[in-house]
Structures are given as C-alpha cells and as structure tokens.
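Quick look at model-v1.txt (compact mmCIF, C-alpha atoms):
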```txt
# COMPACT_ATOMS: atom_id res chain seq x y z
CA MET C 116 12.48 -17.26 -11.82
CA VAL C 117 9.67 -16.44 -14.12
CA GLY C 118 11.04 -19.08 -16.42
CA ALA C 119 9.53 -21.73 -14.19
CA ALA C 120 6.09 -20.38 -14.79
CA VAL C 121 3.32 -21.98 -16.66
CA GLN C 122 2.53 -19.87 -19.61
CA GLY C 123 -0.49 -18.85 -21.54
CA LEU C 124 -3.00 -19.89 -18.93
CA PRO C 125 -6.07 -17.86 -18.15
CA MET C 126 -6.48 -15.42 -15.29
CA MET C 127 -6.96 -16.86 -11.86
CA GLY C 128 -10.35 -15.50 -10.95
CA ARG C 129 -12.76 -12.70 -10.70
CA GLN C 130 -11.58 -11.58 -7.30
CA ARG C 131 -8.19 -10.74 -8.59
CA GLU C 132 -9.58 -8.90 -11.58
CA ASP C 133 -11.87 -6.89 -9.36
CA ALA C 134 -9.06 -5.91 -7.03
CA GLU C 135 -6.82 -4.93 -9.89
CA GLN C 136 -9.52 -2.97 -11.61
CA ALA C 137 -10.38 -1.16 -8.39
CA ALA C 138 -6.74 -0.31 -7.84
CA GLU C 139 -6.40 0.90 -11.39
CA ARG C 140 -9.56 2.98 -11.09
CA THR C 141 -8.33 4.64 -7.90
CA GLN C 142 -4.92 5.22 -9.35
CA ALA C 143 -6.35 6.52 -12.57
CA GLY C 144 -8.75 8.77 -10.68
CA GLU C 145 -5.97 10.27 -8.61
CA GLU C 146 -3.72 10.76 -11.60
CA ASP C 147 -6.52 12.23 -13.63
CA LEU C 148 -7.32 14.69 -10.87
CA SER C 149 -3.66 15.60 -10.48
CA GLN C 150 -3.31 16.25 -14.18
CA LYS C 151 -6.40 18.41 -14.22
CA ALA C 152 -5.24 20.28 -11.14
CA LEU C 153 -1.88 20.89 -12.77
CA ALA C 154 -3.77 22.29 -15.74
CA GLY C 155 -5.55 24.70 -13.42
CA ASP C 156 -8.90 22.96 -13.01
CA ARG C 157 -10.33 24.35 -9.80
CA ARG C 158 -12.78 21.50 -9.34
CA ALA C 159 -9.96 19.03 -9.51
CA TRP C 160 -8.16 21.00 -6.82
CA ASP C 161 -11.29 20.96 -4.69
CA ALA C 162 -11.58 17.21 -5.06
CA LEU C 163 -7.93 16.69 -4.15
CA ILE C 164 -8.21 18.99 -1.16
CA ALA C 165 -11.32 17.18 0.03
CA ARG C 166 -9.50 13.89 -0.28
CA HIS C 167 -6.25 14.86 1.43
CA HIS C 168 -7.00 17.77 3.75
CA ARG C 169 -7.52 15.64 6.84
CA ARG C 170 -4.24 13.89 6.33
CA VAL C 171 -2.45 17.23 6.22
CA VAL C 172 -4.21 18.43 9.37
CA VAL C 173 -3.37 15.22 11.21
CA SER C 174 0.28 15.55 10.24
CA LEU C 175 0.28 19.03 11.77
CA LEU C 176 -1.50 17.86 14.92
CA ALA C 177 1.17 15.21 15.26
CA ARG C 178 3.70 18.02 15.36
CA GLY C 179 2.01 19.39 18.44
CA ILE C 180 0.08 22.16 16.74
CA ARG C 181 -3.35 23.10 17.98
CA VAL C 182 -6.24 22.06 15.84
CA ASP C 183 -7.34 25.56 14.85
CA ARG C 184 -3.84 26.52 13.80
CA ALA C 185 -3.44 23.18 12.06
CA GLN C 186 -6.55 23.89 10.01
CA GLU C 187 -5.23 27.34 9.11
CA LEU C 188 -1.82 26.06 8.15
CA ALA C 189 -3.33 23.28 6.06
CA GLN C 190 -5.48 25.80 4.22
CA GLU C 191 -2.45 28.00 3.73
CA ALA C 192 -0.49 25.05 2.37
CA TRP C 193 -3.18 24.35 -0.22
CA THR C 194 -3.29 28.01 -1.17
CA ARG C 195 0.46 28.05 -1.68
CA LEU C 196 0.30 24.96 -3.85
CA ILE C 197 -2.42 26.46 -6.01
CA GLN C 198 -0.42 29.66 -6.34
CA GLN C 199 2.64 27.68 -7.35
CA GLN C 200 0.59 25.86 -9.94
CA GLN C 201 -0.76 29.13 -11.31
CA ARG C 202 2.77 30.46 -11.66
CA GLY C 203 3.77 27.34 -13.51
CA LEU C 204 6.11 26.19 -10.75
CA LEU C 205 4.48 22.83 -10.24
CA THR C 206 5.47 20.16 -12.69
CA GLU C 207 3.99 17.26 -10.80
CA LEU C 208 1.59 16.83 -7.95
CA ARG C 209 2.29 14.04 -5.53
CA LEU C 210 -0.35 14.24 -2.88
CA PRO C 211 -0.68 14.28 -0.02
CA ASN C 212 3.09 14.33 0.46
CA LEU C 213 3.59 17.64 -1.27
CA ALA C 214 0.88 19.31 0.82
CA ILE C 215 2.23 17.76 4.02
CA THR C 216 5.71 19.01 3.25
CA GLN C 217 4.40 22.46 2.44
CA ALA C 218 2.38 22.54 5.65
CA ALA C 219 5.36 21.35 7.71
CA PHE C 220 7.46 24.10 6.22
CA LEU C 221 4.82 26.68 7.12
CA ALA C 222 4.56 25.24 10.64
CA ALA C 223 8.30 25.42 11.18
CA ASP C 224 8.36 28.95 9.84
CA ASP C 225 5.46 29.85 12.10
CA ALA C 226 7.20 28.40 15.15
CA ARG C 227 10.43 30.24 14.39
CA ARG C 228 8.59 33.52 14.01
CA SER C 229 6.69 33.02 17.25
CA ARG C 230 9.87 32.24 19.10
CA ARG C 231 11.67 35.28 17.69
CA GLU C 232 8.79 37.53 18.63
CA ALA C 233 8.60 36.07 22.12
CA ILE C 234 12.30 36.57 22.73
CA ALA C 235 12.30 40.06 21.28
CA GLY C 236 9.16 41.30 22.97
CA ASN C 237 6.70 40.04 25.47
CA VAL C 238 8.41 37.33 27.47
CA GLU C 239 5.23 36.21 29.22
CA GLU C 240 3.64 35.35 25.93
CA LEU C 241 5.71 32.26 25.27
CA PRO C 242 5.16 30.52 21.97
CA GLU C 243 4.62 27.28 23.87
CA ARG C 244 1.25 28.68 24.87
CA GLN C 245 0.19 28.48 21.25
CA HIS C 246 2.27 25.47 20.37
CA PRO C 247 2.48 23.12 23.31
CA VAL C 248 5.17 21.13 21.56
CA ASP C 249 7.84 22.69 19.42
CA PRO C 250 7.32 21.35 15.89
CA ALA C 251 11.04 20.92 15.38
CA VAL C 252 11.29 18.74 18.45
CA SER C 253 8.21 16.81 17.44
CA ALA C 254 9.60 16.17 14.00
CA GLU C 255 12.55 14.35 15.49
CA ARG C 256 10.44 12.51 18.00
CA ARG C 257 8.19 11.28 15.25
CA LEU C 258 10.80 8.99 13.85
CA LEU C 259 10.35 5.54 15.22
CA SER C 260 13.40 3.68 16.38
CA GLU C 261 14.39 0.47 14.72
CA GLU C 262 13.33 -1.40 17.82
CA GLN C 263 9.92 0.20 17.79
CA LEU C 264 9.48 -0.58 14.13
CA ALA C 265 10.51 -4.17 14.70
CA ARG C 266 8.05 -4.50 17.57
CA ALA C 267 5.29 -2.96 15.52
CA HIS C 268 5.99 -5.22 12.57
CA GLU C 269 5.96 -8.19 14.89
CA ALA C 270 2.63 -7.09 16.31
CA LEU C 271 1.30 -6.56 12.81
CA ALA C 272 2.42 -10.02 11.82
CA GLY C 273 0.40 -11.32 14.76
CA CYS C 274 -2.81 -9.85 13.38
CA SER C 275 -5.04 -11.90 11.14
CA PRO C 276 -4.21 -11.66 7.43
CA SER C 277 -7.45 -9.86 6.70
CA SER C 278 -6.87 -7.32 9.46
CA ARG C 279 -3.35 -6.77 8.28
CA ASN C 280 -4.57 -6.32 4.76
CA VAL C 281 -7.11 -3.71 5.83
CA PHE C 282 -4.51 -1.84 7.85
CA LEU C 283 -1.97 -1.81 5.05
CA LEU C 284 -4.53 -0.74 2.49
CA ALA C 285 -5.65 2.12 4.71
CA CYS C 286 -2.24 3.31 5.87
CA ASP C 287 0.40 2.43 3.34
CA GLY C 288 0.42 5.78 1.60
CA GLN C 289 -2.08 5.13 -1.14
CA GLU C 290 -4.49 7.26 0.86
CA LEU C 291 -7.43 5.10 0.02
CA PRO C 292 -10.65 6.31 1.61
CA HIS C 293 -12.13 3.83 4.04
CA ALA C 294 -15.02 3.28 1.65
CA GLU C 295 -12.55 2.24 -1.02
CA VAL C 296 -10.76 -0.10 1.38
CA ALA C 297 -14.11 -1.58 2.35
CA ALA C 298 -15.04 -2.12 -1.28
CA ARG C 299 -11.77 -3.88 -1.97
CA VAL C 300 -11.94 -6.28 0.92
CA GLY C 301 -15.67 -6.80 0.74
CA LEU C 302 -16.52 -5.44 4.17
CA SER C 303 -18.59 -2.55 5.41
CA VAL C 304 -16.96 0.77 6.15
CA GLN C 305 -17.92 0.37 9.78
CA ARG C 306 -16.23 -3.01 9.96
CA VAL C 307 -13.12 -1.61 8.29
CA ARG C 308 -12.91 1.13 10.93
CA GLN C 309 -13.47 -1.41 13.65
CA ILE C 310 -10.60 -3.48 12.32
CA LEU C 311 -8.43 -0.40 12.08
CA CYS C 312 -9.15 0.42 15.72
CA GLU C 313 -8.21 -3.11 16.75
CA VAL C 314 -4.96 -3.03 14.82
CA ARG C 315 -4.15 0.43 16.13
CA LYS C 316 -4.65 -0.79 19.65
CA LYS C 317 -2.20 -3.65 19.16
CA LEU C 318 0.35 -1.46 17.45
CA ARG C 319 0.00 1.27 20.03
CA THR C 320 0.77 -1.25 22.74
CA SER C 321 3.77 -2.55 20.84
CA LEU C 322 5.11 0.96 20.31
CA GLU C 323 4.66 1.87 23.96
CA GLU C 324 6.35 -1.26 25.24
CA GLU C 325 9.78 0.14 24.63
CA SER C 326 9.27 3.17 26.82
CA HIS C 327 8.46 0.91 29.75
CA ASP C 328 11.63 -1.14 29.43
CA MET O 267 -16.41 24.47 28.96
CA THR O 268 -19.40 22.30 29.55
CA GLU O 269 -18.34 19.75 26.99
CA PRO O 270 -17.15 16.50 28.51
CA HIS O 271 -13.49 15.68 28.12
CA LEU O 272 -12.43 13.62 25.15
CA THR O 273 -11.89 9.93 25.39
CA PRO O 274 -9.19 8.09 23.46
CA SER O 275 -11.98 6.60 21.41
CA ASP O 276 -13.20 10.10 20.46
CA THR O 277 -9.81 11.19 19.28
CA GLU O 278 -9.27 7.96 17.42
CA GLN O 279 -12.57 8.35 15.61
CA TYR O 280 -11.65 11.93 14.79
CA ILE O 281 -8.31 10.92 13.35
CA LEU O 282 -9.96 8.17 11.32
CA GLY O 283 -12.51 10.65 10.02
CA ALA O 284 -15.37 8.63 11.42
CA LEU O 285 -17.14 11.44 13.27
CA ASP O 286 -20.02 13.38 11.83
CA PRO O 287 -19.23 17.04 11.09
CA GLU O 288 -21.11 18.38 14.09
CA ARG O 289 -19.35 16.08 16.54
CA GLU O 290 -16.07 16.87 14.87
CA ARG O 291 -16.64 20.60 15.27
CA LYS O 292 -17.46 20.20 18.95
CA LEU O 293 -14.40 18.08 19.53
CA GLU O 294 -12.16 20.63 17.86
CA ALA O 295 -13.74 23.45 19.85
CA HIS O 296 -13.20 21.56 23.08
CA THR O 297 -9.50 21.04 22.41
CA LEU O 298 -9.11 24.80 22.09
CA VAL O 299 -10.14 25.32 25.70
CA CYS O 300 -8.79 22.13 27.23
CA GLU O 301 -5.07 21.63 27.15
CA ALA O 302 -5.23 18.01 28.25
CA CYS O 303 -7.64 17.06 25.49
CA ALA O 304 -5.56 18.97 22.95
CA ARG O 305 -2.62 16.84 24.02
CA LEU O 306 -4.68 13.71 23.72
CA LEU O 307 -5.63 14.62 20.17
CA GLN O 308 -2.04 15.41 19.27
CA GLN O 309 -0.87 12.10 20.69
CA GLU O 310 -3.44 10.26 18.64
CA ALA O 311 -2.30 12.14 15.55
CA LEU O 312 1.28 11.27 16.37
CA LEU O 313 0.31 7.63 16.64
CA GLU O 314 -1.36 7.88 13.25
CA GLU O 315 1.85 9.21 11.74
CA GLN O 316 3.84 6.46 13.40
CA LEU O 317 1.46 3.81 12.14
CA ARG O 318 1.84 5.11 8.63
CA GLU O 319 5.55 4.70 9.04
CA VAL O 320 4.95 1.18 10.27
CA ALA O 321 2.70 0.42 7.30
CA SER O 322 5.06 1.90 4.77
CA THR O 323 7.97 -0.12 6.11
CA ALA O 324 6.09 -3.33 6.76
CA PRO O 325 7.60 -6.27 4.95
CA ARG O 326 5.20 -7.25 2.21
CA GLU O 327 4.31 -10.86 2.04
CA ASP O 328 4.28 -12.41 -1.33
CA ASN O 329 0.75 -12.68 -2.46
CA VAL O 330 0.58 -16.33 -3.31
CA ILE O 331 -2.84 -17.51 -4.27
CA ARG O 332 -3.62 -21.18 -4.40
CA PRO O 333 -6.62 -21.79 -6.59
CA ALA O 334 -9.26 -23.84 -4.84
CA ARG O 335 -11.08 -24.90 -7.93
CA TRP O 336 -9.94 -24.31 -11.39
CA ARG O 337 -12.40 -25.15 -14.06
CA VAL O 338 -10.57 -24.15 -17.15
CA ALA O 339 -10.58 -27.56 -18.74
CA ARG O 340 -8.09 -28.68 -16.19
CA VAL O 341 -5.43 -27.20 -18.31
CA ALA O 342 -1.99 -28.15 -17.76
CA ALA O 343 -0.75 -26.79 -14.53
CA LEU O 344 1.42 -29.80 -13.93
CA VAL O 345 2.89 -29.72 -17.35
CA VAL O 346 5.47 -27.11 -16.77
CA GLY O 347 8.26 -29.20 -18.11
CA PRO O 348 6.43 -30.64 -21.08
CA ALA O 349 4.81 -27.31 -21.91
CA LEU O 350 8.08 -25.52 -21.91
CA ALA O 351 9.65 -28.35 -23.75
CA ALA O 352 6.88 -28.17 -26.32
CA ALA O 353 7.43 -24.49 -26.75
CA ALA O 354 11.12 -25.06 -27.05
CA ALA O 355 10.55 -27.84 -29.50
CA LEU O 356 8.35 -25.70 -31.68
CA ALA O 357 10.82 -22.87 -31.49
CA LEU O 358 13.59 -25.17 -32.51
CA MET O 359 11.53 -26.59 -35.29
CA VAL O 360 10.90 -23.13 -36.63
CA SER O 361 14.32 -21.72 -36.23
CA HIS O 362 16.28 -24.86 -36.89
CA PRO O 363 14.76 -26.80 -39.69
CA GLY O 364 17.52 -29.27 -39.25
CA VAL O 365 15.53 -30.76 -36.45
CA GLU O 366 13.08 -31.99 -39.00
CA SER O 367 15.63 -34.43 -40.13
CA HIS O 368 14.73 -36.49 -37.09
CA PRO O 369 10.98 -36.63 -37.51
CA ALA O 370 10.70 -40.15 -36.36
CA GLN O 371 11.88 -39.29 -32.92
CA GLU O 372 10.06 -37.15 -30.45
CA PRO O 373 8.19 -34.08 -31.77
CA ALA O 374 4.98 -36.01 -32.18
CA VAL O 375 5.01 -36.81 -28.51
CA VAL O 376 5.14 -33.13 -27.72
CA LEU O 377 1.88 -32.39 -29.41
CA THR O 378 -0.03 -35.14 -27.69
CA LEU O 379 0.68 -34.28 -24.12
CA GLU O 380 -1.39 -36.02 -21.57
CA LEU O 381 -2.83 -33.26 -19.50
CA PRO O 382 -3.55 -33.99 -15.87
CA MET O 383 -7.21 -34.15 -15.04
CA ASP O 384 -6.81 -32.73 -11.58
CA LEU O 385 -5.28 -29.45 -10.70
CA PRO O 386 -2.36 -30.22 -8.45
CA SER O 387 -2.38 -28.44 -5.15
CA THR O 388 1.13 -27.30 -5.86
CA VAL O 389 0.04 -24.72 -8.40
CA VAL O 390 0.01 -21.20 -7.08
CA ALA O 391 -0.17 -17.75 -8.53
CA CYS O 392 1.78 -14.61 -7.84
CA PRO O 393 -0.60 -11.91 -8.98
CA ASP O 394 0.93 -9.01 -7.13
CA LEU O 395 3.18 -7.37 -9.67
CA THR O 396 5.26 -5.65 -7.03
CA THR O 397 6.32 -8.89 -5.42
CA GLN O 398 5.93 -11.20 -8.35
CA GLU O 399 9.59 -11.95 -8.79
CA SER O 400 10.34 -12.76 -5.17
CA CYS O 401 7.03 -14.61 -4.90
CA THR O 402 7.91 -16.76 -7.86
CA SER O 403 11.33 -17.50 -6.43
CA ALA O 404 9.86 -18.33 -3.04
CA ALA O 405 7.27 -20.59 -4.59
CA ALA O 406 9.88 -22.37 -6.67
CA ALA O 407 12.02 -22.83 -3.60
CA ARG O 408 9.12 -24.54 -1.92
CA GLY O 409 8.60 -26.83 -4.85
CA LEU O 410 5.43 -25.09 -6.00
CA LEU O 411 4.50 -24.45 -9.56
CA VAL O 412 3.68 -20.90 -10.48
CA GLN O 413 0.94 -20.07 -12.83
CA TYR O 414 1.89 -17.00 -14.75
CA PRO O 415 -1.28 -15.59 -16.21
CA PHE O 416 0.15 -13.25 -18.76
CA GLY O 417 2.25 -15.85 -20.47
CA MET O 418 5.23 -13.59 -20.46
CA GLY O 419 7.61 -16.02 -18.85
CA GLU O 420 10.87 -16.78 -20.51
CA VAL O 421 11.27 -20.05 -22.28
CA PRO O 422 14.39 -21.76 -21.08
CA ARG O 423 16.97 -21.86 -23.80
CA TYR O 424 17.97 -25.30 -24.77
CA GLU O 425 21.44 -25.94 -25.90
CA GLY O 426 22.29 -25.13 -29.45
CA SER O 427 21.07 -26.73 -32.59
CA LYS O 428 21.74 -30.33 -31.83
CA GLY O 429 18.11 -31.01 -31.29
CA ILE O 430 16.08 -31.47 -28.22
CA PRO O 431 17.83 -32.84 -25.18
CA ALA O 432 16.92 -36.34 -24.28
CA GLY O 433 14.41 -36.42 -21.49
CA ALA O 434 13.12 -32.94 -22.20
CA LEU O 435 10.15 -34.28 -24.04
CA SER O 436 8.93 -36.80 -21.61
CA SER O 437 5.20 -37.07 -21.79
CA ARG O 438 5.09 -37.37 -18.06
CA PRO O 439 4.78 -34.26 -15.98
CA ALA O 440 7.93 -32.91 -14.54
CA SER O 441 8.60 -34.43 -11.21
CA LEU O 442 7.81 -32.33 -8.20
```
Let me see whether you can do it: turn the structure in this file into structure tokens.
Amino acid sequence: MVGAAVQGLPMMGRQREDAEQAAERTQAGEEDLSQKALAGDRRAWDALIARHHRRVVVSLLARGIRVDRAQELAQEAWTRLIQQQQRGLLTELRLPNLAITQAAFLAADDARRSRREAIAGNVEELPERQHPVDPAVSAERRLLSEEQLARAHEALAGCSPSSRNVFLLACDGQELPHAEVAARVGLSVQRVRQILCEVRKKLRTSLEEESHD
Amino acid sequence: MTEPHLTPSDTEQYILGALDPERERKLEAHTLVCEACARLLQQEALLEEQLREVASTAPREDNVIRPARWRVARVAALVVGPALAAAAALALMVSHPGVESHPAQEPAVVLTLELPMDLPSTVVACPDLTTQESCTSAAAARGLLVQYPFGMGEVPRYEGSKGIPAGALSSRPASL
C-alpha cells in the first residue's frame, strides 16, 4: 500500500541515516573483503578469518567437539576454503556459513573415521573419549522444536525493545561484532554484552522449560 | 589441574568473545583436562547456536517511527489526499490537455493547498526496507499516514480522461 504514502518529503532524521550508513558500511566492508578474498588477497582472508573464526569454533563446540579439536577443525576448514579459492572452485564467499558448513563436514568425517578405527582396532580407545557427543547426534539435537521456538520468541517479545534490538543485531546472522552493535544502538560494548547476557538468560530459561514439562 | 572449575558466566563470556586472550587460553586448557567443564562449554555453545536459530526465525516487527518533532516547514503530512490529487491533477493536465477546457473549475485550488501547521501524530514512517510493505499496510490499517521518504510511491490512477473526480480536490485534508 505504498500508494497511500506521502511523497517527496525529506528524510526522517539523522538517526535513521546513521543506522543505514553504518549498515551499508558493514555490508560494503564484508562484501569488499569477500571480493578481495575471492581474488586471492591473503590479507582479506586474514581479516575474514579474524572476524568469523570464533563463530566456526563455537559451532563445532556445539556439536560436542573438544575445544582443541574444534580449533584444529576450524583452521582446517579455512585452509580448505583458501585451497578451493586458489583452484578457482569458489565463485562466492558467504561467510561464516560456508566455513561452518565446511567445518561441520570435516567434523563428521573425523567422527566417522574415529569410529571406524575404534571398531576395527583398539576397542578400549572409544571415539567418545575424544568426542564426548557424537556430532551426528548433536546435529539433530541442535534443531529446536516448534514449541521451543515459540517459547523463545515469546520470551524475546517480553524483553524491552532495546534489548531485543541488541540481541537481534548481534545474533541474526549478520555477524556484527559487538563493537558494531554498540555503535549502532549508541551503547558501550560492555553494556551490549550485559544486555546479551540478560537476554540469553531469559531465552535459556524459556528453552529449558519444555524439558521440565 | 589447579585451575578452578568454570562457571556458567565464564563459558558465556568465552562464547561471547568477552574474555581477554590469556583468560581464554586458560579456560580452553582447563576444558582439556576437565570433562565436566568441557561439557559446560559445549552446552553454552549449543545454546548460542540455538539462540541464533531463535534470532533468525524471530518475527520482525515493522519498524514504524513516529516523528516527535518535524521541523521541515511543517510540510504536508496530512495532505495525503490533496497531495496525491494534486499530482494526479498535474498528470492529467499534462497528459490530457482536454482538462484545460475546464479551467474555471478546480485546478487552481490544487495549487493553493492549505498545509497544516502541526504535524499530525498519525504520521509514521516505515524506514526498514525489508518490512516496508507490511509496515505500510499495517499502518494504513490502523488509520496512520505513512511518510515515504523516497517519493517512490505510486500515484493512484484516477479514472480515464473525464477530468478529476469530484471531491478529489478538496482543499481540506483527507479525513482520518
């Protein structure tokens, strides 16, 4: 119903312009880095790895992989991506999703190999010693049920608009650094993290409710 | 294994990237020798993944901004109807010269609109491009006027070449 709009009027205010410009800058920065990385710029790769490495490691930890192995697998995932780029196999670079997918593939492969070796050889040395939770099992468990999602959304709706905004900015897949989130909402980084902790606490409770029913 | 066990706060700070490198290194080292703390860290990471799923599936609210003060010469927010009518009138005048055969009627009124001096509280904006369409619809459904900053809105098409519909050129603002 854009037809009902008032036309030709000036922009609403500076706040909106600032937010849009910040978003555009971040987006442009990420795209610029991706393009350079696709062209083989090593510094661009370094910048992208610095920006997204933690996210990849956390995704592996969530699959029940120990932190040292998670770090190794994440490094391996980046190496594979760079190799693919050098061979001209990468046409686009959507991060961190591509790196997370690559790392998950390596983790699954790793778990399969460990299991095969354990069955074929030393039975005492069970792969579960290295991987307390089987990544394949974890992957299924990671999916939230509809009920859990509904509860979480309800809990999120109960947060203050500013808290909700901070949470969504930090977690909605744009992968904004906390400093960037802080700049956008006009708070300190410390306050942003404090808000994130508060929201996490509420959402954690809402997600755990179901298991107690 | 002299390091103290991790607290949920430690693991949360680690996941959020809020720890300094030294503390981070110690925490990681501790999880390598303490199964319970490794589990704790993994659970926190799992929560992080779940929360990302929550965030990515969260229903986005339309970002409706109601301007508190609007200084721009008090331009016209309430004149949706007349403004559109004026645009339509001009368009008709350009594309249908036949309209000029009725100069004594209403076009003059169009060009001397009485603009409201106060910004009505019913004017809102929908600046978020991703939700702009639904926001605009929602605002219209609530009887709000939507300011569309880029001026890209469609001008309603008035019927044919018979001239401007009666009532379309009222100098009064459209009723709310």
Checklist entry - Using only C-alpha atoms, what residues lie at most 10 Å away from (-4.8, 24.7, 9.6) (file coordinates), given as a list in words? => result His168, Arg169, Val171, Val172, Val173, Leu175, Leu176, Ile180, Arg181, Val182, Asp183, Arg184, Ala185, Gln186, Glu187, Leu188, Ala189, Gln190, Glu191, Ala192, Trp193, Ala218 and Ala222 of chain C
Checklist outcome for this item: Students should find that CA of Ile197 (chain C) and CA of Pro287 (chain O) are spaced 25.8 Å
Next on the checklist: When you look at Leu208 (chain C) with a cut-off of 8 Å (counting all atoms listed in the file), what residues show up, excluding the ones that are within fewer than 5 positions of it in the same chain? I need them as a VMD selection string.
Outcome noted: chain C and resid 149 to 150 153 213
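Of the listed residues (C:Ala265, C:Leu318, C:Ala177, C:Ala162), C:Ala177 comes nearest to Leu307 (chain O); the distances count all atoms listed in the file.
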